[in-house]
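Asker: data-v6.cif is the file, holding mmCIF, C-alpha atoms; chains and numbers go by the auth columns:
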```cif
data_start
loop_
_atom_site.group_PDB
_atom_site.id
_atom_site.type_symbol
_atom_site.label_atom_id
_atom_site.label_comp_id
_atom_site.label_asym_id
_atom_site.label_seq_id
_atom_site.Cartn_x
_atom_site.Cartn_y
_atom_site.Cartn_z
_atom_site.B_iso_or_equiv
_atom_site.auth_seq_id
_atom_site.auth_asym_id
ATOM 1 C CA MET A 1 -17.899 9.612 10.786 0.00 180 A
ATOM 2 C CA ASP A 2 -14.112 9.842 10.974 0.00 181 A
ATOM 3 C CA LYS A 3 -12.219 6.870 9.603 0.00 182 A
ATOM 4 C CA ALA A 4 -8.847 6.477 11.269 0.00 183 A
ATOM 5 C CA GLU A 5 -5.954 6.448 8.827 0.00 184 A
ATOM 6 C CA GLY A 6 -3.171 5.114 10.952 0.00 185 A
ATOM 7 C CA ASN A 7 -3.655 7.311 14.000 0.00 186 A
ATOM 8 C CA ARG A 8 -5.110 10.321 12.187 0.00 187 A
ATOM 9 C CA THR A 9 -8.771 11.271 12.010 0.00 188 A
ATOM 10 C CA LEU A 10 -10.509 12.875 9.059 0.00 189 A
ATOM 11 C CA GLU A 11 -10.410 16.266 10.779 0.00 190 A
ATOM 12 C CA GLN A 12 -6.668 15.934 11.435 0.00 191 A
ATOM 13 C CA TRP A 13 -6.138 14.987 7.772 0.00 192 A
ATOM 14 C CA LEU A 14 -8.160 18.009 6.611 0.00 193 A
ATOM 15 C CA ALA A 15 -6.162 20.288 8.932 0.00 194 A
ATOM 16 C CA GLN A 16 -2.956 18.837 7.464 0.00 195 A
ATOM 17 C CA VAL A 17 -4.289 19.463 3.942 0.00 196 A
ATOM 18 C CA GLU A 18 -5.210 23.043 4.809 0.00 197 A
ATOM 19 C CA ASP A 19 -1.779 23.683 6.380 0.00 198 A
ATOM 20 C CA ALA A 20 -0.022 22.304 3.283 0.00 199 A
ATOM 21 C CA LEU A 21 -2.179 24.403 0.975 0.00 200 A
ATOM 22 C CA VAL A 22 -1.488 27.573 2.980 0.00 201 A
ATOM 23 C CA GLN A 23 2.264 26.844 2.851 0.00 202 A
ATOM 24 C CA ASP A 24 1.858 26.437 -0.916 0.00 203 A
ATOM 25 C CA ARG A 25 -0.043 29.769 -1.042 0.00 204 A
ATOM 26 C CA GLN A 26 -3.301 28.047 -1.937 0.00 205 A
ATOM 27 C CA ARG A 27 -6.716 28.231 -0.301 0.00 206 A
ATOM 28 C CA MET A 28 -8.815 25.416 1.141 0.00 207 A
ATOM 29 C CA THR A 29 -11.924 25.843 -0.957 0.00 208 A
ATOM 30 C CA LYS A 30 -15.162 23.953 -0.441 0.00 209 A
ATOM 31 C CA GLN A 31 -14.383 21.920 -3.561 0.00 210 A
ATOM 32 C CA ARG A 32 -10.845 21.025 -2.445 0.00 211 A
ATOM 33 C CA ARG A 33 -12.160 20.026 0.967 0.00 212 A
ATOM 34 C CA LEU A 34 -14.708 17.701 -0.625 0.00 213 A
ATOM 35 C CA VAL A 35 -12.056 16.084 -2.854 0.00 214 A
ATOM 36 C CA ALA A 36 -9.771 15.622 0.181 0.00 215 A
ATOM 37 C CA GLU A 37 -12.618 14.117 2.245 0.00 216 A
ATOM 38 C CA THR A 38 -13.496 11.723 -0.557 0.00 217 A
ATOM 39 C CA LEU A 39 -9.879 10.630 -0.951 0.00 218 A
ATOM 40 C CA TRP A 40 -9.752 9.951 2.784 0.00 219 A
ATOM 41 C CA GLN A 41 -12.877 7.830 2.710 0.00 220 A
ATOM 42 C CA HIS A 42 -12.104 5.831 -0.443 0.00 221 A
ATOM 43 C CA ARG A 43 -8.650 4.496 -1.143 0.00 222 A
ATOM 44 C CA HIS A 44 -7.049 3.638 -4.464 0.00 223 A
ATOM 45 C CA PHE A 45 -9.225 5.804 -6.707 0.00 224 A
ATOM 46 C CA ASN A 46 -8.190 6.843 -10.158 0.00 225 A
ATOM 47 C CA VAL A 47 -9.207 10.408 -11.044 0.00 226 A
ATOM 48 C CA GLU A 48 -12.331 9.321 -12.932 0.00 227 A
ATOM 49 C CA GLU A 49 -13.572 7.218 -9.994 0.00 228 A
ATOM 50 C CA LEU A 50 -12.745 9.994 -7.565 0.00 229 A
ATOM 51 C CA HIS A 51 -14.603 12.523 -9.690 0.00 230 A
ATOM 52 C CA ARG A 52 -17.709 10.294 -9.821 0.00 231 A
ATOM 53 C CA ALA A 53 -17.634 9.896 -6.021 0.00 232 A
ATOM 54 C CA VAL A 54 -17.177 13.647 -5.499 0.00 233 A
ATOM 55 C CA ARG A 55 -20.069 14.423 -7.873 0.00 234 A
ATOM 56 C CA GLU A 56 -22.354 12.149 -5.849 0.00 235 A
ATOM 57 C CA ARG A 57 -21.998 14.729 -3.080 0.00 236 A
ATOM 58 C CA ASP A 58 -21.805 17.874 -5.238 0.00 237 A
ATOM 59 C CA ASP A 59 -22.615 17.609 -8.933 0.00 238 A
ATOM 60 C CA ALA A 60 -21.273 21.110 -9.605 0.00 239 A
ATOM 61 C CA ILE A 61 -17.636 20.041 -9.139 0.00 240 A
ATOM 62 C CA GLY A 62 -15.956 19.553 -12.492 0.00 241 A
ATOM 63 C CA TYR A 63 -13.411 17.002 -13.567 0.00 242 A
ATOM 64 C CA ALA A 64 -10.707 19.673 -13.910 0.00 243 A
ATOM 65 C CA THR A 65 -11.192 20.756 -10.277 0.00 244 A
ATOM 66 C CA THR A 66 -10.919 17.153 -9.098 0.00 245 A
ATOM 67 C CA TYR A 67 -7.821 16.517 -11.213 0.00 246 A
ATOM 68 C CA ARG A 68 -6.053 19.726 -10.189 0.00 247 A
ATOM 69 C CA THR A 69 -6.805 19.112 -6.502 0.00 248 A
ATOM 70 C CA VAL A 70 -5.393 15.571 -6.623 0.00 249 A
ATOM 71 C CA LYS A 71 -2.261 16.763 -8.411 0.00 250 A
ATOM 72 C CA LEU A 72 -1.871 19.606 -5.897 0.00 251 A
ATOM 73 C CA LEU A 73 -2.176 17.185 -2.965 0.00 252 A
ATOM 74 C CA GLU A 74 0.338 14.892 -4.659 0.00 253 A
ATOM 75 C CA ARG A 75 2.754 17.790 -5.201 0.00 254 A
ATOM 76 C CA VAL A 76 2.653 18.788 -1.522 0.00 255 A
ATOM 77 C CA GLY A 77 3.239 15.160 -0.488 0.00 256 A
ATOM 78 C CA LEU A 78 -0.153 14.334 1.019 0.00 257 A
ATOM 79 C CA VAL A 79 -1.280 11.916 -1.699 0.00 258 A
ATOM 80 C CA HIS A 80 0.669 9.213 -3.505 0.00 259 A
ATOM 81 C CA ALA A 81 -0.030 7.834 -6.952 0.00 260 A
ATOM 82 C CA GLY A 82 0.530 4.177 -7.599 0.00 261 A
ATOM 83 C CA GLN A 83 0.151 1.731 -10.446 0.00 262 A
ATOM 84 C CA PHE A 84 -1.838 -1.325 -9.435 0.00 263 A
ATOM 85 C CA GLY A 85 -1.740 -3.298 -12.666 0.00 264 A
ATOM 86 C CA ASP A 86 -4.704 -1.764 -14.450 0.00 265 A
ATOM 87 C CA GLY A 87 -2.796 0.854 -16.447 0.00 266 A
ATOM 88 C CA THR A 88 -4.132 3.846 -14.536 0.00 267 A
ATOM 89 C CA ALA A 89 -2.698 5.926 -11.706 0.00 268 A
ATOM 90 C CA ARG A 90 -4.555 5.304 -8.463 0.00 269 A
ATOM 91 C CA PHE A 91 -4.300 7.714 -5.563 0.00 270 A
ATOM 92 C CA GLU A 92 -4.240 7.166 -1.831 0.00 271 A
ATOM 93 C CA VAL A 93 -3.603 9.293 1.205 0.00 272 A
ATOM 94 C CA ALA A 94 0.112 9.376 1.991 0.00 273 A
ATOM 95 C CA VAL A 95 0.902 7.630 5.231 0.00 274 A
ATOM 96 C CA GLY A 96 3.904 8.080 7.465 0.00 275 A
ATOM 97 C CA ASP A 97 6.554 5.419 7.995 0.00 276 A
ATOM 98 C CA SER A 98 4.749 4.149 11.080 0.00 277 A
ATOM 99 C CA ASP A 99 1.596 3.599 9.004 0.00 278 A
ATOM 100 C CA HIS A 100 3.318 1.836 6.086 0.00 279 A
ATOM 101 C CA HIS A 101 1.330 -0.871 4.316 0.00 280 A
ATOM 102 C CA ASP A 102 1.640 -3.179 1.332 0.00 281 A
ATOM 103 C CA HIS A 103 -0.937 -4.331 -1.217 0.00 282 A
ATOM 104 C CA LEU A 104 -2.508 -7.502 -2.590 0.00 283 A
ATOM 105 C CA ILE A 105 -4.089 -6.785 -5.993 0.00 284 A
ATOM 106 C CA CYS A 106 -6.526 -9.033 -7.856 0.00 285 A
ATOM 107 C CA THR A 107 -5.574 -9.212 -11.522 0.00 286 A
ATOM 108 C CA ARG A 108 -9.141 -10.095 -12.540 0.00 287 A
ATOM 109 C CA CYS A 109 -11.477 -7.760 -10.622 0.00 288 A
ATOM 110 C CA GLY A 110 -8.951 -5.148 -9.440 0.00 289 A
ATOM 111 C CA ALA A 111 -9.727 -5.533 -5.723 0.00 290 A
ATOM 112 C CA ILE A 112 -6.967 -4.118 -3.531 0.00 291 A
ATOM 113 C CA VAL A 113 -6.272 -5.327 -0.010 0.00 292 A
ATOM 114 C CA GLU A 114 -3.874 -3.445 2.245 0.00 293 A
ATOM 115 C CA PHE A 115 -1.835 -5.441 4.718 0.00 294 A
ATOM 116 C CA GLU A 116 1.016 -5.092 7.184 0.00 295 A
ATOM 117 C CA LEU A 117 3.331 -7.893 8.213 0.00 296 A
ATOM 118 C CA GLU A 118 6.365 -7.160 10.346 0.00 297 A
ATOM 119 C CA ALA A 119 8.225 -10.233 9.041 0.00 298 A
ATOM 120 C CA ILE A 120 8.038 -8.857 5.477 0.00 299 A
ATOM 121 C CA GLU A 121 9.231 -5.449 6.641 0.00 300 A
ATOM 122 C CA ALA A 122 12.176 -7.051 8.426 0.00 301 A
ATOM 123 C CA LEU A 123 13.115 -9.079 5.330 0.00 302 A
ATOM 124 C CA GLN A 124 13.008 -5.996 3.115 0.00 303 A
ATOM 125 C CA LYS A 125 15.346 -4.158 5.498 0.00 304 A
ATOM 126 C CA GLN A 126 17.625 -7.195 5.627 0.00 305 A
ATOM 127 C CA VAL A 127 17.827 -7.381 1.815 0.00 306 A
ATOM 128 C CA ALA A 128 18.638 -3.666 1.616 0.00 307 A
ATOM 129 C CA GLU A 129 21.379 -3.986 4.226 0.00 308 A
ATOM 130 C CA LEU A 130 22.784 -7.078 2.515 0.00 309 A
ATOM 131 C CA HIS A 131 23.270 -5.001 -0.625 0.00 310 A
ATOM 132 C CA GLY A 132 24.556 -1.918 1.202 0.00 311 A
ATOM 133 C CA TYR A 133 21.417 0.170 0.734 0.00 312 A
ATOM 134 C CA ALA A 134 19.990 2.644 3.208 0.00 313 A
ATOM 135 C CA LEU A 135 16.244 2.489 2.562 0.00 314 A
ATOM 136 C CA THR A 136 14.467 5.787 2.131 0.00 315 A
ATOM 137 C CA ALA A 137 11.170 4.292 0.976 0.00 316 A
ATOM 138 C CA HIS A 138 9.744 1.083 -0.378 0.00 317 A
ATOM 139 C CA ARG A 139 6.514 -0.559 -1.482 0.00 318 A
ATOM 140 C CA LEU A 140 5.389 -4.098 -2.034 0.00 319 A
ATOM 141 C CA ASP A 141 2.548 -4.951 -4.413 0.00 320 A
ATOM 142 C CA MET A 142 1.577 -8.597 -4.838 0.00 321 A
ATOM 143 C CA PHE A 143 -0.646 -9.665 -7.749 0.00 322 A
ATOM 144 C CA GLY A 144 -2.937 -12.687 -7.948 0.00 323 A
ATOM 145 C CA LEU A 145 -6.569 -13.768 -7.856 0.00 324 A
ATOM 146 C CA CYS A 146 -8.750 -12.859 -4.884 0.00 325 A
ATOM 147 C CA PRO A 147 -10.866 -15.609 -3.269 0.00 326 A
ATOM 148 C CA ILE A 148 -14.035 -14.476 -5.088 0.00 327 A
ATOM 149 C CA CYS A 149 -12.365 -14.567 -8.508 0.00 328 A
ATOM 150 C CA GLN A 150 -10.797 -17.950 -7.707 0.00 329 A
ATOM 151 C CA LYS A 151 -14.251 -19.371 -6.948 0.00 330 A
ATOM 152 C CA ALA A 152 -15.737 -17.754 -10.054 0.00 331 A
ATOM 153 C CA GLY A 153 -12.956 -19.308 -12.165 0.00 332 A
ATOM 154 C CA LYS A 154 -13.783 -22.781 -10.891 0.00 333 A
ATOM 155 C CA ARG A 155 -17.429 -22.306 -11.932 0.00 334 A
ATOM 156 C CA LEU A 156 -16.554 -21.334 -15.513 0.00 335 A
#
```
Could I get this file's structure written as structure tokens?

Answerer:
Amino acid sequence: MDKAEGNRTLEQWLAQVEDALVQDRQRMTKQRRLVAETLWQHRHFNVEELHRAVRERDDAIGYATTYRTVKLLERVGLVHAGQFGDGTARFEVAVGDSDHHDHLICTRCGAIVEFELEAIEALQKQVAELHGYALTAHRLDMFGLCPICQKAGKRL
């Protein structure tokens, strides 16, 4: 089943990965394809979590293959690493400007919610203009307690 990422399908994402690898003089191996598919289907993985998910589908794929594939996809601009407050780099499929999103991150359980709000985007542009900046990129990460952790805290 293809999960739409913005307007792209899984097959379009895999074609984009293959094109980038060819331009980088790399091959789209079965292992790289599986890592790319898994990244598409599960957002905000660190390498260890990604490797566990990949091994659920093919237990012959080693940690080094997973790590090198993620770093390769990051180098060619198809994956971004981010810090979400847990001290580890988490990876997600790079989205274009039209698919930009921000994050809400639970500081207790680590849940990550992606959201888009045009009013926030407009304010960020306004702040940049106010200070004479021409934005080339930006991200907004908001930290707090998710509803489940808030309820759990009240029961403690």

Asker: Determine the residue set returned by the PyMOL selection byres ((chain A and resi 263) around 12) for the present structure, and present it as a count of residues only.

Answerer: 32

Asker: (-11.3, 13.8, -2.1) in this file's frame - what residues fall within 12 Å of it? Use only C-alpha atoms and give the answer as a VMD selection string.

Answerer: chain A and resid 189 192 to 193 196 209 to 237 240 244 to 253 257 to 258 270 to 272

Asker: What would the selection look like, as JSON, numbers by chain, if the PyMOL selection byres ((chain A and resi 294) around 6) were run on the coordinates I just shared?

Answerer: {"A": [280, 281, 293, 295]}

Asker: Between CA of Lys330 in chain A and CA of Leu296 in chain A, what is the distance, to one decimal in Å?

Answerer: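 Distance reported for this atom pair: 25.9 Å.
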
Asker: Between CA of His259 in chain A and CA of Asp238 in chain A, what distance in Å does the model show, to one decimal?

Answerer: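 So the answer is 25.3 Å.
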
Asker: So what do you get for CA of Gln191 in chain A versus CA of Gly256 in chain A, distance-wise?

Answerer: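 CA of Gln191 in chain A sits 15.5 Å away from CA of Gly256 in chain A.
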